[in-house]
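Since the structure comes first, as structure tokens, the remarks are kept for the end.
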Amino acid sequence: MLQTLSNQSQRAASGIMTPPSLIPGFALHDKIAEGGFAEIYDGEELISKKKVAIKILHPRHHTNKSEFKRLIHEGGIGMRIRNHDNVVKFLQVGKAGRAPYIVMEFIEGQTLREILRDRKTLNDREVVVLAQALASGVHYMHGEGIVHKDIKPENVMLSPDGTIKLIDLGFAESLTSVKWSLFGRSLEGSPAYMAPELLRSKKPSPATDLYAVGCTLYEAATGSAPFTGHSDQEVLQKQLNMNLAAGSIREKNQEISPYTERLILNALEKNTSNRYKSVDEFRLELRRNPHLNNSSKHIPLPTGFAPRRQNSSARSSSRNRISGT
Ligand SMILES: Nc1ncnc2c1ncn2[C@@H]1O[C@H](COP(=O)(O)OP(=O)(O)O)[C@@H](O)[C@H]1O
Ligand SMILES: [Mg+2]
């Protein structure tokens with residue numbers, strides 16, 4: 001034990017500390033996921049004994065200035081928007097040695113990606129419940145002047161108690177940011193969820209978030225994203241093709257009501273003037289949905305929908321990056 005502590009202190013002093021050590025006030029337990037630039041651990045706040053999740057810069061990026069800035073930026077954005085049940089709550093941001101970290105509430109459950117891997121599709125009520133939660137969370141973010149920019153099944157978590165939360169503010173940006181692309185001129189995101197106008201102008205907006213919500217719901221309803229292909233390039237070409245509309249949802253899943261289908265397809269309109277004007281308009285339209293008779297934010301999900309916690313080795317979360325030309 002003493003040996004371990006002394007090794008940790010030595011590593012800390014040299015600035016190449018391994019993540020689980022020395023985040024004041026917190027104990028870190030297991031690595032639960034690893035992405036391109038950060039690792040996620042579960043842990044505990046020592047005083048309150050509350051379970052937390054800690055996102056910390058991957059040791060291989062400790063000297064990478066842009067990844068360092070990215071995590072600091074994510075921390076700053078997250079600390080500004082801590083007041084909504086459908087957006088992950090950041091509790092603290094800091095720096096351990098050379099590694100910036102974010103302490104967040106721990107969300108029990110699974111990502112929508114994991115649930116879809118198991119279930120393939122959701123039913124109409126579940127899609128509507130998901131739509132309501134995403135729209136509320138994204139509407140809140142837009143009201144706070146922030147665009148999420150990376151809405152996709154990997155970045156939505158569902159808990160057994162019915163809570164649905166958007167996570168991963170790694171790409172999120174302020175709407176008033178003078179420089180749209182904080183990290184250079186490259187356009188970042190996952191091709192399957194990127195609106196045509198985003199690909200053309202490289203300018204994220206509330207409308208491009210709404211499009212990504214539409215793609216995510218389409219995938220939840222049908223089992224695959226609206227535009228797929230063998231390569232990112234093929235997907236991007238389909239996103240950009242203004243004459244190519246997303247295919248029928250009900251042809252792929254008859255359980256989805258015509259009302260829900262219309263709503264999702266509208267969010268996926270290639271031309272922004274045909275899309276709902278805002279996530280708020282989408283949200284209000286959703287409320288008129290006859291299938292949604294409970295306006296509470298904590299809508300219990302139907303039995304059988306309760307996600308199981310994956311407790312095997314750390315999940316890997318990949319982030320597709322594409323560069324705009
Ligand atoms: N607050 C949280 N509670 C529980 N698990 C989380 C939390 N935040 C992230 N995770 C897990 O870590 C994974 C990666 O987190 P994310 O913030 O999306 O990182 P990345 O930027 O690498 O995509 C998520 O897909 C999820 O499985
Ligand atoms: Mg992610």
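Order determines the names: the first chain of the structure tokens is A, the second B, and so forth; residues in each chain are numbered 1 upward, and ligands are numbered 1 upward as they are shown.
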Enumerate, in order of chain and increasing residue number, the residues of chain A with an atom no farther than 9 Å from ligand 1, each with its shortest atom pair and distance in Å to one decimal, counting only C-alpha atoms and all ligand atoms, as a Markdown table.
```
| residue | atom | partner | partner_atom_place_in_ligand_line | distance |
| --- | --- | --- | --- | --- |
| A:Ile32 | CA | ligand 1 | 12 (O) | 6.3 |
| A:Ala33 | CA | ligand 1 | 12 (O) | 4.7 |
| A:Glu34 | CA | ligand 1 | 22 (O) | 5.9 |
| A:Gly35 | CA | ligand 1 | 22 (O) | 3.3 |
| A:Gly36 | CA | ligand 1 | 22 (O) | 5.5 |
| A:Phe37 | CA | ligand 1 | 22 (O) | 6.2 |
| A:Ala38 | CA | ligand 1 | 22 (O) | 5.5 |
| A:Glu39 | CA | ligand 1 | 22 (O) | 6.8 |
| A:Ile40 | CA | ligand 1 | 12 (O) | 5.4 |
| A:Tyr41 | CA | ligand 1 | 12 (O) | 8.0 |
| A:Asp42 | CA | ligand 1 | 4 (C) | 7.3 |
| A:Val52 | CA | ligand 1 | 3 (N) | 7.1 |
| A:Ala53 | CA | ligand 1 | 1 (N) | 5.0 |
| A:Ile54 | CA | ligand 1 | 1 (N) | 7.5 |
| A:Lys55 | CA | ligand 1 | 17 (O) | 7.0 |
| A:Leu71 | CA | ligand 1 | 21 (O) | 8.9 |
| A:Val88 | CA | ligand 1 | 1 (N) | 6.1 |
| A:Lys89 | CA | ligand 1 | 1 (N) | 7.5 |
| A:Phe90 | CA | ligand 1 | 1 (N) | 8.1 |
| A:Val103 | CA | ligand 1 | 1 (N) | 8.2 |
| A:Met104 | CA | ligand 1 | 1 (N) | 5.2 |
| A:Glu105 | CA | ligand 1 | 1 (N) | 5.3 |
| A:Phe106 | CA | ligand 1 | 3 (N) | 3.8 |
| A:Ile107 | CA | ligand 1 | 3 (N) | 3.8 |
| A:Glu108 | CA | ligand 1 | 4 (C) | 6.0 |
| A:Gly109 | CA | ligand 1 | 4 (C) | 7.4 |
| A:Gln110 | CA | ligand 1 | 27 (O) | 6.6 |
| A:Thr111 | CA | ligand 1 | 27 (O) | 5.9 |
| A:Leu112 | CA | ligand 1 | 25 (O) | 9.0 |
| A:Arg113 | CA | ligand 1 | 25 (O) | 8.4 |
| A:Glu114 | CA | ligand 1 | 27 (O) | 8.7 |
| A:Pro153 | CA | ligand 1 | 25 (O) | 8.8 |
| A:Glu154 | CA | ligand 1 | 25 (O) | 5.3 |
| A:Asn155 | CA | ligand 1 | 18 (O) | 5.2 |
| A:Val156 | CA | ligand 1 | 25 (O) | 7.7 |
| A:Met157 | CA | ligand 1 | 26 (C) | 7.2 |
| A:Lys165 | CA | ligand 1 | 1 (N) | 9.0 |
| A:Ile167 | CA | ligand 1 | 17 (O) | 5.8 |
| A:Asp168 | CA | ligand 1 | 17 (O) | 3.7 |
| A:Leu169 | CA | ligand 1 | 17 (O) | 6.9 |
| A:Gly170 | CA | ligand 1 | 21 (O) | 5.7 |
| A:Phe171 | CA | ligand 1 | 21 (O) | 8.4 |
| A:Ala314 | CA | ligand 1 | 27 (O) | 8.6 |
| A:Arg315 | CA | ligand 1 | 27 (O) | 6.5 |
| A:Ser316 | CA | ligand 1 | 13 (C) | 7.2 |
| A:Ser317 | CA | ligand 1 | 23 (O) | 5.1 |
| A:Ser318 | CA | ligand 1 | 23 (O) | 6.1 |
| A:Arg319 | CA | ligand 1 | 23 (O) | 5.9 |
```
Kindly save the residues from that selection, with N, CA and C atoms included, as a compact mmCIF listing (two decimals), in the first residue's frame.
```
# COMPACT_ATOMS: atom_id res chain seq x y z
N ILE A 32 -14.92 3.06 -16.72
CA ILE A 32 -16.14 2.51 -17.32
C ILE A 32 -16.21 2.74 -18.83
N ALA A 33 -15.41 3.65 -19.32
CA ALA A 33 -15.41 3.87 -20.78
C ALA A 33 -14.14 4.61 -21.15
N GLU A 34 -13.78 4.44 -22.42
CA GLU A 34 -12.60 5.12 -22.90
C GLU A 34 -12.90 5.66 -24.29
N GLY A 35 -12.74 6.95 -24.46
CA GLY A 35 -13.00 7.53 -25.78
C GLY A 35 -11.70 7.94 -26.43
N GLY A 36 -11.82 8.73 -27.49
CA GLY A 36 -10.65 9.13 -28.24
C GLY A 36 -9.68 9.96 -27.41
N PHE A 37 -10.20 10.79 -26.53
CA PHE A 37 -9.29 11.68 -25.81
C PHE A 37 -9.46 11.66 -24.30
N ALA A 38 -10.49 10.98 -23.82
CA ALA A 38 -10.72 10.98 -22.37
C ALA A 38 -11.09 9.58 -21.88
N GLU A 39 -10.90 9.40 -20.58
CA GLU A 39 -11.34 8.16 -19.94
C GLU A 39 -12.43 8.53 -18.94
N ILE A 40 -13.38 7.61 -18.75
CA ILE A 40 -14.45 7.86 -17.78
C ILE A 40 -14.35 6.81 -16.67
N TYR A 41 -14.33 7.29 -15.44
CA TYR A 41 -14.28 6.39 -14.28
C TYR A 41 -15.54 6.55 -13.46
N ASP A 42 -15.93 5.49 -12.75
CA ASP A 42 -16.94 5.74 -11.73
C ASP A 42 -16.20 5.97 -10.43
N VAL A 52 -20.28 9.21 -8.43
CA VAL A 52 -20.01 10.19 -9.48
C VAL A 52 -19.35 9.51 -10.68
N ALA A 53 -19.35 10.21 -11.79
CA ALA A 53 -18.57 9.77 -12.96
C ALA A 53 -17.51 10.84 -13.19
N ILE A 54 -16.31 10.41 -13.50
CA ILE A 54 -15.21 11.38 -13.70
C ILE A 54 -14.62 11.19 -15.09
N LYS A 55 -14.67 12.27 -15.85
CA LYS A 55 -14.08 12.24 -17.21
C LYS A 55 -12.74 12.93 -17.10
N LEU A 71 -11.10 19.55 -23.15
CA LEU A 71 -11.73 19.08 -21.90
C LEU A 71 -12.03 20.26 -20.97
N VAL A 88 -26.87 15.98 -18.48
CA VAL A 88 -25.97 15.53 -17.40
C VAL A 88 -25.49 16.73 -16.57
N LYS A 89 -25.44 16.51 -15.25
CA LYS A 89 -25.03 17.61 -14.37
C LYS A 89 -23.55 17.51 -14.04
N PHE A 90 -22.81 18.57 -14.32
CA PHE A 90 -21.41 18.62 -13.94
C PHE A 90 -21.34 19.14 -12.50
N VAL A 103 -15.95 16.22 -12.90
CA VAL A 103 -16.73 15.33 -12.04
C VAL A 103 -18.20 15.58 -12.36
N MET A 104 -18.92 14.49 -12.68
CA MET A 104 -20.34 14.60 -13.05
C MET A 104 -21.18 13.72 -12.16
N GLU A 105 -22.48 13.98 -12.15
CA GLU A 105 -23.39 13.02 -11.54
C GLU A 105 -23.22 11.69 -12.27
N PHE A 106 -23.35 10.58 -11.54
CA PHE A 106 -23.26 9.28 -12.19
C PHE A 106 -24.65 8.89 -12.69
N ILE A 107 -24.73 8.55 -13.95
CA ILE A 107 -26.03 8.14 -14.51
C ILE A 107 -26.06 6.62 -14.59
N GLU A 108 -26.94 6.02 -13.83
CA GLU A 108 -27.10 4.56 -13.88
C GLU A 108 -27.75 4.22 -15.21
N GLY A 109 -27.41 3.10 -15.77
CA GLY A 109 -28.13 2.69 -16.97
C GLY A 109 -27.22 2.49 -18.16
N GLN A 110 -27.78 2.70 -19.33
CA GLN A 110 -27.05 2.42 -20.56
C GLN A 110 -27.24 3.54 -21.56
N THR A 111 -26.36 3.58 -22.53
CA THR A 111 -26.56 4.55 -23.60
C THR A 111 -27.64 4.00 -24.56
N LEU A 112 -28.24 4.91 -25.30
CA LEU A 112 -29.23 4.48 -26.29
C LEU A 112 -28.57 3.53 -27.30
N ARG A 113 -27.31 3.77 -27.63
CA ARG A 113 -26.61 2.87 -28.55
C ARG A 113 -26.63 1.44 -28.01
N GLU A 114 -26.33 1.28 -26.71
CA GLU A 114 -26.29 -0.07 -26.12
C GLU A 114 -27.68 -0.70 -26.12
N PRO A 153 -27.00 8.43 -30.61
CA PRO A 153 -27.35 7.42 -29.60
C PRO A 153 -26.26 7.17 -28.56
N GLU A 154 -25.00 7.34 -28.93
CA GLU A 154 -23.90 7.15 -27.97
C GLU A 154 -23.93 8.17 -26.85
N ASN A 155 -24.54 9.33 -27.13
CA ASN A 155 -24.50 10.43 -26.16
C ASN A 155 -25.84 10.68 -25.48
N VAL A 156 -26.65 9.62 -25.42
CA VAL A 156 -27.92 9.69 -24.70
C VAL A 156 -27.92 8.53 -23.71
N MET A 157 -28.17 8.82 -22.43
CA MET A 157 -28.21 7.73 -21.45
C MET A 157 -29.60 7.57 -20.86
N LYS A 165 -31.00 11.26 -20.25
CA LYS A 165 -30.12 12.44 -20.21
C LYS A 165 -29.18 12.48 -21.41
N ILE A 167 -25.60 13.41 -22.67
CA ILE A 167 -24.26 13.52 -22.07
C ILE A 167 -23.29 14.05 -23.13
N ASP A 168 -22.04 14.15 -22.76
CA ASP A 168 -20.93 14.47 -23.66
C ASP A 168 -21.05 15.87 -24.29
N LEU A 169 -20.58 16.84 -23.55
CA LEU A 169 -20.61 18.22 -24.04
C LEU A 169 -19.28 18.59 -24.69
N GLY A 170 -18.56 17.56 -25.15
CA GLY A 170 -17.22 17.75 -25.70
C GLY A 170 -17.16 18.63 -26.93
N PHE A 171 -18.26 18.68 -27.69
CA PHE A 171 -18.28 19.53 -28.88
C PHE A 171 -19.13 20.77 -28.68
N ALA A 314 -14.27 -1.88 -19.61
CA ALA A 314 -14.65 -0.52 -20.01
C ALA A 314 -15.16 -0.48 -21.45
N ARG A 315 -16.26 0.27 -21.65
CA ARG A 315 -16.80 0.44 -22.99
C ARG A 315 -15.93 1.42 -23.74
N SER A 316 -15.79 1.18 -25.02
CA SER A 316 -15.04 2.19 -25.76
C SER A 316 -16.03 3.07 -26.50
N SER A 317 -15.80 4.36 -26.42
CA SER A 317 -16.70 5.28 -27.12
C SER A 317 -15.88 5.99 -28.17
N SER A 318 -16.27 5.77 -29.40
CA SER A 318 -15.46 6.37 -30.45
C SER A 318 -16.11 7.65 -30.94
N ARG A 319 -15.30 8.55 -31.38
CA ARG A 319 -15.81 9.81 -31.89
C ARG A 319 -15.30 9.93 -33.32
```
- [ ] Just the helix (DSSP H, G or I) stuff from segment 25-185 of chain A, please, per backbone DSSP, written as a VMD selection string.
- [x] chain A and resid 59 to 61 65 to 80 112 to 119 124 to 143 153 to 155
Just N, CA and C atoms for this one: save the residues we selected as a short mmCIF file (atom, residue, chain, number, x, y, z; two decimals), in the first residue's frame.
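Written file, part35.cif:
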```cif
data_model
loop_
_atom_site.label_atom_id
_atom_site.label_comp_id
_atom_site.auth_asym_id
_atom_site.auth_seq_id
_atom_site.Cartn_x
_atom_site.Cartn_y
_atom_site.Cartn_z
N PRO A 59 -4.11 9.78 -20.44
CA PRO A 59 -2.68 10.07 -20.22
C PRO A 59 -1.89 10.32 -21.50
N ARG A 60 -2.30 9.65 -22.62
CA ARG A 60 -1.50 9.86 -23.84
C ARG A 60 -1.69 11.27 -24.41
N HIS A 61 -2.69 12.02 -23.90
CA HIS A 61 -2.93 13.37 -24.40
C HIS A 61 -2.47 14.46 -23.43
N LYS A 65 -2.04 20.01 -26.48
CA LYS A 65 -2.69 21.25 -26.07
C LYS A 65 -4.15 21.33 -26.49
N SER A 66 -4.45 20.85 -27.72
CA SER A 66 -5.83 21.04 -28.18
C SER A 66 -6.79 20.12 -27.41
N GLU A 67 -6.36 18.89 -27.11
CA GLU A 67 -7.23 17.99 -26.34
C GLU A 67 -7.37 18.49 -24.91
N PHE A 68 -6.30 19.07 -24.39
CA PHE A 68 -6.32 19.67 -23.05
C PHE A 68 -7.38 20.78 -23.01
N LYS A 69 -7.30 21.66 -24.04
CA LYS A 69 -8.25 22.79 -24.08
C LYS A 69 -9.67 22.29 -24.26
N ARG A 70 -9.80 21.21 -25.04
CA ARG A 70 -11.15 20.68 -25.31
C ARG A 70 -11.84 20.26 -24.01
N LEU A 71 -11.10 19.55 -23.15
CA LEU A 71 -11.73 19.08 -21.90
C LEU A 71 -12.03 20.26 -20.97
N ILE A 72 -11.11 21.24 -20.94
CA ILE A 72 -11.35 22.44 -20.13
C ILE A 72 -12.61 23.16 -20.64
N HIS A 73 -12.70 23.24 -21.98
CA HIS A 73 -13.85 23.90 -22.60
C HIS A 73 -15.14 23.16 -22.26
N GLU A 74 -15.10 21.82 -22.37
CA GLU A 74 -16.28 21.01 -22.04
C GLU A 74 -16.70 21.27 -20.59
N GLY A 75 -15.69 21.32 -19.70
CA GLY A 75 -15.98 21.57 -18.28
C GLY A 75 -16.67 22.92 -18.09
N GLY A 76 -16.15 23.93 -18.79
CA GLY A 76 -16.71 25.29 -18.64
C GLY A 76 -18.15 25.35 -19.12
N ILE A 77 -18.42 24.71 -20.26
CA ILE A 77 -19.79 24.71 -20.81
C ILE A 77 -20.72 23.98 -19.83
N GLY A 78 -20.27 22.81 -19.38
CA GLY A 78 -21.12 21.98 -18.52
C GLY A 78 -21.45 22.66 -17.20
N MET A 79 -20.50 23.43 -16.66
CA MET A 79 -20.75 24.11 -15.39
C MET A 79 -21.78 25.24 -15.56
N ARG A 80 -21.96 25.69 -16.82
CA ARG A 80 -22.94 26.76 -17.08
C ARG A 80 -24.36 26.22 -17.19
N LEU A 112 -28.24 4.91 -25.30
CA LEU A 112 -29.23 4.48 -26.29
C LEU A 112 -28.57 3.53 -27.30
N ARG A 113 -27.31 3.77 -27.63
CA ARG A 113 -26.61 2.87 -28.55
C ARG A 113 -26.63 1.44 -28.01
N GLU A 114 -26.33 1.28 -26.71
CA GLU A 114 -26.29 -0.07 -26.12
C GLU A 114 -27.68 -0.70 -26.12
N ILE A 115 -28.69 0.12 -25.83
CA ILE A 115 -30.06 -0.39 -25.80
C ILE A 115 -30.49 -0.83 -27.20
N LEU A 116 -30.13 -0.03 -28.21
CA LEU A 116 -30.52 -0.38 -29.58
C LEU A 116 -29.78 -1.62 -30.06
N ARG A 117 -28.58 -1.82 -29.55
CA ARG A 117 -27.83 -3.03 -29.91
C ARG A 117 -28.60 -4.27 -29.44
N ASP A 118 -29.18 -4.17 -28.25
CA ASP A 118 -29.98 -5.25 -27.68
C ASP A 118 -31.34 -5.38 -28.33
N ARG A 119 -32.00 -4.22 -28.46
CA ARG A 119 -33.43 -4.22 -28.81
C ARG A 119 -33.68 -3.99 -30.30
N ASP A 124 -43.55 2.81 -30.41
CA ASP A 124 -43.99 4.19 -30.59
C ASP A 124 -43.93 4.99 -29.29
N ARG A 125 -44.47 4.42 -28.21
CA ARG A 125 -44.51 5.17 -26.96
C ARG A 125 -43.08 5.48 -26.48
N GLU A 126 -42.21 4.50 -26.60
CA GLU A 126 -40.83 4.71 -26.16
C GLU A 126 -40.14 5.80 -26.98
N VAL A 127 -40.40 5.79 -28.30
CA VAL A 127 -39.80 6.82 -29.16
C VAL A 127 -40.32 8.19 -28.76
N VAL A 128 -41.61 8.27 -28.45
CA VAL A 128 -42.20 9.55 -28.06
C VAL A 128 -41.61 10.03 -26.72
N VAL A 129 -41.45 9.10 -25.81
CA VAL A 129 -40.86 9.44 -24.49
C VAL A 129 -39.42 9.95 -24.70
N LEU A 130 -38.69 9.26 -25.55
CA LEU A 130 -37.32 9.67 -25.85
C LEU A 130 -37.29 11.05 -26.51
N ALA A 131 -38.21 11.25 -27.46
CA ALA A 131 -38.28 12.54 -28.17
C ALA A 131 -38.55 13.67 -27.19
N GLN A 132 -39.47 13.43 -26.27
CA GLN A 132 -39.84 14.46 -25.29
C GLN A 132 -38.61 14.84 -24.44
N ALA A 133 -37.87 13.82 -24.00
CA ALA A 133 -36.71 14.09 -23.14
C ALA A 133 -35.61 14.82 -23.91
N LEU A 134 -35.33 14.36 -25.13
CA LEU A 134 -34.27 15.01 -25.91
C LEU A 134 -34.66 16.45 -26.23
N ALA A 135 -35.92 16.63 -26.63
CA ALA A 135 -36.36 17.98 -26.99
C ALA A 135 -36.28 18.90 -25.78
N SER A 136 -36.66 18.42 -24.60
CA SER A 136 -36.60 19.27 -23.40
C SER A 136 -35.17 19.66 -23.08
N GLY A 137 -34.29 18.67 -23.10
CA GLY A 137 -32.88 18.93 -22.77
C GLY A 137 -32.24 19.89 -23.78
N VAL A 138 -32.49 19.65 -25.06
CA VAL A 138 -31.86 20.47 -26.10
C VAL A 138 -32.48 21.88 -26.08
N HIS A 139 -33.78 21.96 -25.85
CA HIS A 139 -34.44 23.27 -25.75
C HIS A 139 -33.82 24.08 -24.61
N TYR A 140 -33.59 23.42 -23.50
CA TYR A 140 -32.94 24.09 -22.35
C TYR A 140 -31.56 24.60 -22.75
N MET A 141 -30.78 23.75 -23.39
CA MET A 141 -29.42 24.16 -23.79
C MET A 141 -29.48 25.37 -24.73
N HIS A 142 -30.38 25.32 -25.69
CA HIS A 142 -30.49 26.44 -26.64
C HIS A 142 -30.89 27.72 -25.90
N GLY A 143 -31.77 27.59 -24.92
CA GLY A 143 -32.18 28.75 -24.13
C GLY A 143 -31.01 29.35 -23.36
N PRO A 153 -27.00 8.43 -30.61
CA PRO A 153 -27.35 7.42 -29.60
C PRO A 153 -26.26 7.17 -28.56
N GLU A 154 -25.00 7.34 -28.93
CA GLU A 154 -23.90 7.15 -27.97
C GLU A 154 -23.93 8.17 -26.85
N ASN A 155 -24.54 9.33 -27.13
CA ASN A 155 -24.50 10.43 -26.16
C ASN A 155 -25.84 10.68 -25.48
#
```
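Minimum atom-to-atom distance to ligand 2, evaluated using only C-alpha atoms and all ligand atoms, belongs to A:Asp150 out of A:Asp150, A:Glu188, A:Glu269, A:Glu234.
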Task: Residues near segment 202-218 of chain A, cut-off 7 Å, only C-alpha atoms, skip fewer than 2 positions along chain, as a ChimeraX atom specification - done: /A:127,131,142,147-149,151-153,180,187,193-195,198-200,220-222,225-226,264,267-268,278-279
Selection to disk with N, CA and C atoms, as a PDB file, in the first residue's frame:
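Listing of part33.pdb after writing:
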```
ATOM      1  N   VAL A 127     -40.399   5.788 -28.299  1.00  0.00           N
ATOM      2  CA  VAL A 127     -39.797   6.818 -29.159  1.00  0.00           C
ATOM      3  C   VAL A 127     -40.318   8.195 -28.760  1.00  0.00           C
ATOM      4  N   ALA A 131     -38.213  11.253 -27.458  1.00  0.00           N
ATOM      5  CA  ALA A 131     -38.277  12.540 -28.168  1.00  0.00           C
ATOM      6  C   ALA A 131     -38.551  13.673 -27.190  1.00  0.00           C
ATOM      7  N   HIS A 142     -30.382  25.321 -25.694  1.00  0.00           N
ATOM      8  CA  HIS A 142     -30.488  26.442 -26.639  1.00  0.00           C
ATOM      9  C   HIS A 142     -30.890  27.716 -25.903  1.00  0.00           C
ATOM     10  N   VAL A 147     -25.169  25.219 -28.171  1.00  0.00           N
ATOM     11  CA  VAL A 147     -25.548  24.118 -29.078  1.00  0.00           C
ATOM     12  C   VAL A 147     -24.735  22.879 -28.679  1.00  0.00           C
ATOM     13  N   HIS A 148     -25.383  21.709 -28.724  1.00  0.00           N
ATOM     14  CA  HIS A 148     -24.712  20.481 -28.262  1.00  0.00           C
ATOM     15  C   HIS A 148     -23.721  19.979 -29.300  1.00  0.00           C
ATOM     16  N   LYS A 149     -24.151  19.911 -30.558  1.00  0.00           N
ATOM     17  CA  LYS A 149     -23.310  19.567 -31.699  1.00  0.00           C
ATOM     18  C   LYS A 149     -22.945  18.092 -31.834  1.00  0.00           C
ATOM     19  N   ILE A 151     -25.265  15.229 -30.897  1.00  0.00           N
ATOM     20  CA  ILE A 151     -26.389  14.411 -30.434  1.00  0.00           C
ATOM     21  C   ILE A 151     -26.450  13.149 -31.289  1.00  0.00           C
ATOM     22  N   LYS A 152     -26.385  12.020 -30.628  1.00  0.00           N
ATOM     23  CA  LYS A 152     -26.409  10.711 -31.299  1.00  0.00           C
ATOM     24  C   LYS A 152     -26.656   9.653 -30.221  1.00  0.00           C
ATOM     25  N   PRO A 153     -27.000   8.429 -30.614  1.00  0.00           N
ATOM     26  CA  PRO A 153     -27.355   7.422 -29.597  1.00  0.00           C
ATOM     27  C   PRO A 153     -26.260   7.167 -28.555  1.00  0.00           C
ATOM     28  N   TRP A 180     -16.685  30.031 -34.642  1.00  0.00           N
ATOM     29  CA  TRP A 180     -17.562  28.876 -34.527  1.00  0.00           C
ATOM     30  C   TRP A 180     -16.822  27.602 -34.217  1.00  0.00           C
ATOM     31  N   LEU A 187     -14.262  20.517 -39.289  1.00  0.00           N
ATOM     32  CA  LEU A 187     -15.647  20.306 -38.911  1.00  0.00           C
ATOM     33  C   LEU A 187     -15.718  18.957 -38.210  1.00  0.00           C
ATOM     34  N   TYR A 193     -25.250  12.005 -38.368  1.00  0.00           N
ATOM     35  CA  TYR A 193     -26.144  12.892 -37.599  1.00  0.00           C
ATOM     36  C   TYR A 193     -25.950  14.364 -37.972  1.00  0.00           C
ATOM     37  N   MET A 194     -25.283  14.598 -39.112  1.00  0.00           N
ATOM     38  CA  MET A 194     -24.950  15.982 -39.467  1.00  0.00           C
ATOM     39  C   MET A 194     -25.842  16.537 -40.564  1.00  0.00           C
ATOM     40  N   ALA A 195     -26.442  17.682 -40.284  1.00  0.00           N
ATOM     41  CA  ALA A 195     -27.375  18.310 -41.222  1.00  0.00           C
ATOM     42  C   ALA A 195     -26.637  18.827 -42.456  1.00  0.00           C
ATOM     43  N   LEU A 198     -25.066  22.195 -42.095  1.00  0.00           N
ATOM     44  CA  LEU A 198     -23.878  22.178 -41.234  1.00  0.00           C
ATOM     45  C   LEU A 198     -22.656  21.774 -42.052  1.00  0.00           C
ATOM     46  N   LEU A 199     -22.866  20.786 -42.932  1.00  0.00           N
ATOM     47  CA  LEU A 199     -21.750  20.330 -43.770  1.00  0.00           C
ATOM     48  C   LEU A 199     -21.316  21.410 -44.746  1.00  0.00           C
ATOM     49  N   ARG A 200     -22.293  22.180 -45.227  1.00  0.00           N
ATOM     50  CA  ARG A 200     -21.941  23.223 -46.192  1.00  0.00           C
ATOM     51  C   ARG A 200     -21.319  24.442 -45.515  1.00  0.00           C
ATOM     52  N   ALA A 220     -33.766   5.180 -33.486  1.00  0.00           N
ATOM     53  CA  ALA A 220     -34.455   4.469 -32.408  1.00  0.00           C
ATOM     54  C   ALA A 220     -35.715   3.784 -32.935  1.00  0.00           C
ATOM     55  N   ALA A 221     -36.350   4.403 -33.923  1.00  0.00           N
ATOM     56  CA  ALA A 221     -37.607   3.856 -34.444  1.00  0.00           C
ATOM     57  C   ALA A 221     -37.388   2.746 -35.469  1.00  0.00           C
ATOM     58  N   THR A 222     -36.286   2.834 -36.221  1.00  0.00           N
ATOM     59  CA  THR A 222     -36.107   1.884 -37.342  1.00  0.00           C
ATOM     60  C   THR A 222     -34.918   0.940 -37.182  1.00  0.00           C
ATOM     61  N   ALA A 225     -29.716   4.618 -38.871  1.00  0.00           N
ATOM     62  CA  ALA A 225     -29.759   6.059 -39.122  1.00  0.00           C
ATOM     63  C   ALA A 225     -30.399   6.313 -40.493  1.00  0.00           C
ATOM     64  N   PRO A 226     -30.949   7.508 -40.729  1.00  0.00           N
ATOM     65  CA  PRO A 226     -31.656   7.754 -41.991  1.00  0.00           C
ATOM     66  C   PRO A 226     -30.776   7.610 -43.226  1.00  0.00           C
ATOM     67  N   ILE A 264     -40.859  13.075 -36.801  1.00  0.00           N
ATOM     68  CA  ILE A 264     -39.425  12.779 -36.982  1.00  0.00           C
ATOM     69  C   ILE A 264     -38.983  13.218 -38.388  1.00  0.00           C
ATOM     70  N   ALA A 267     -38.327  16.881 -38.612  1.00  0.00           N
ATOM     71  CA  ALA A 267     -37.035  17.297 -38.026  1.00  0.00           C
ATOM     72  C   ALA A 267     -35.879  16.977 -38.966  1.00  0.00           C
ATOM     73  N   LEU A 268     -36.151  16.039 -39.892  1.00  0.00           N
ATOM     74  CA  LEU A 268     -35.107  15.598 -40.830  1.00  0.00           C
ATOM     75  C   LEU A 268     -35.203  16.259 -42.202  1.00  0.00           C
ATOM     76  N   SER A 278     -37.752  25.623 -34.604  1.00  0.00           N
ATOM     77  CA  SER A 278     -36.873  25.506 -33.435  1.00  0.00           C
ATOM     78  C   SER A 278     -37.181  24.193 -32.729  1.00  0.00           C
ATOM     79  N   VAL A 279     -36.307  23.828 -31.819  1.00  0.00           N
ATOM     80  CA  VAL A 279     -36.561  22.632 -31.020  1.00  0.00           C
ATOM     81  C   VAL A 279     -37.812  22.858 -30.171  1.00  0.00           C
TER      82      VAL A 279
END
```
Task: Distance criterion (only C-alpha atoms): nearest to Asn253 of chain A out of A:Thr63, A:Ser224, A:Ser48, A:Ser159 - done: A:Ser224
Task: Nearest-residue call for ligand 2, choices A:Gln92, A:Thr163, A:Ser190, A:Asn83, using only C-alpha atoms and all ligand atoms - done: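 Under the stated criterion, the closest residue is A:Ser190.
Closest approach to Val235 of chain A among A:Leu166, A:Ala192, A:Leu265, A:Ile249: A:Ala192, based on only C-alpha atoms.
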TODO: Please provide as a PyMOL selection string all residues within 9 Å of Leu236 of chain A, with the sequence filter that same-chain residues fewer than 5 positions apart are discarded (counting only C-alpha atoms).
DONE: chain A and resi 191-192+194+196+199+227-229+231+241
Task: Minimum-distance residue to ligand 2, chosen among A:Ala172, A:Met242, A:Ile256, A:Arg275 (using only C-alpha atoms and all ligand atoms) - done: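 Looking at the shortest contact to ligand 2, the residue is A:Ala172.
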TODO: Name the residues of segment 15-199 of chain A that fall into strand (DSSP E) according to DSSP on the backbone, using the chain letters and numbers of this document, as a PyMOL selection string.
DONE: chain A and resi 26-34+38-45+51-57+90-96+99-105+110-111+146-147+156-158+164-166+173-174
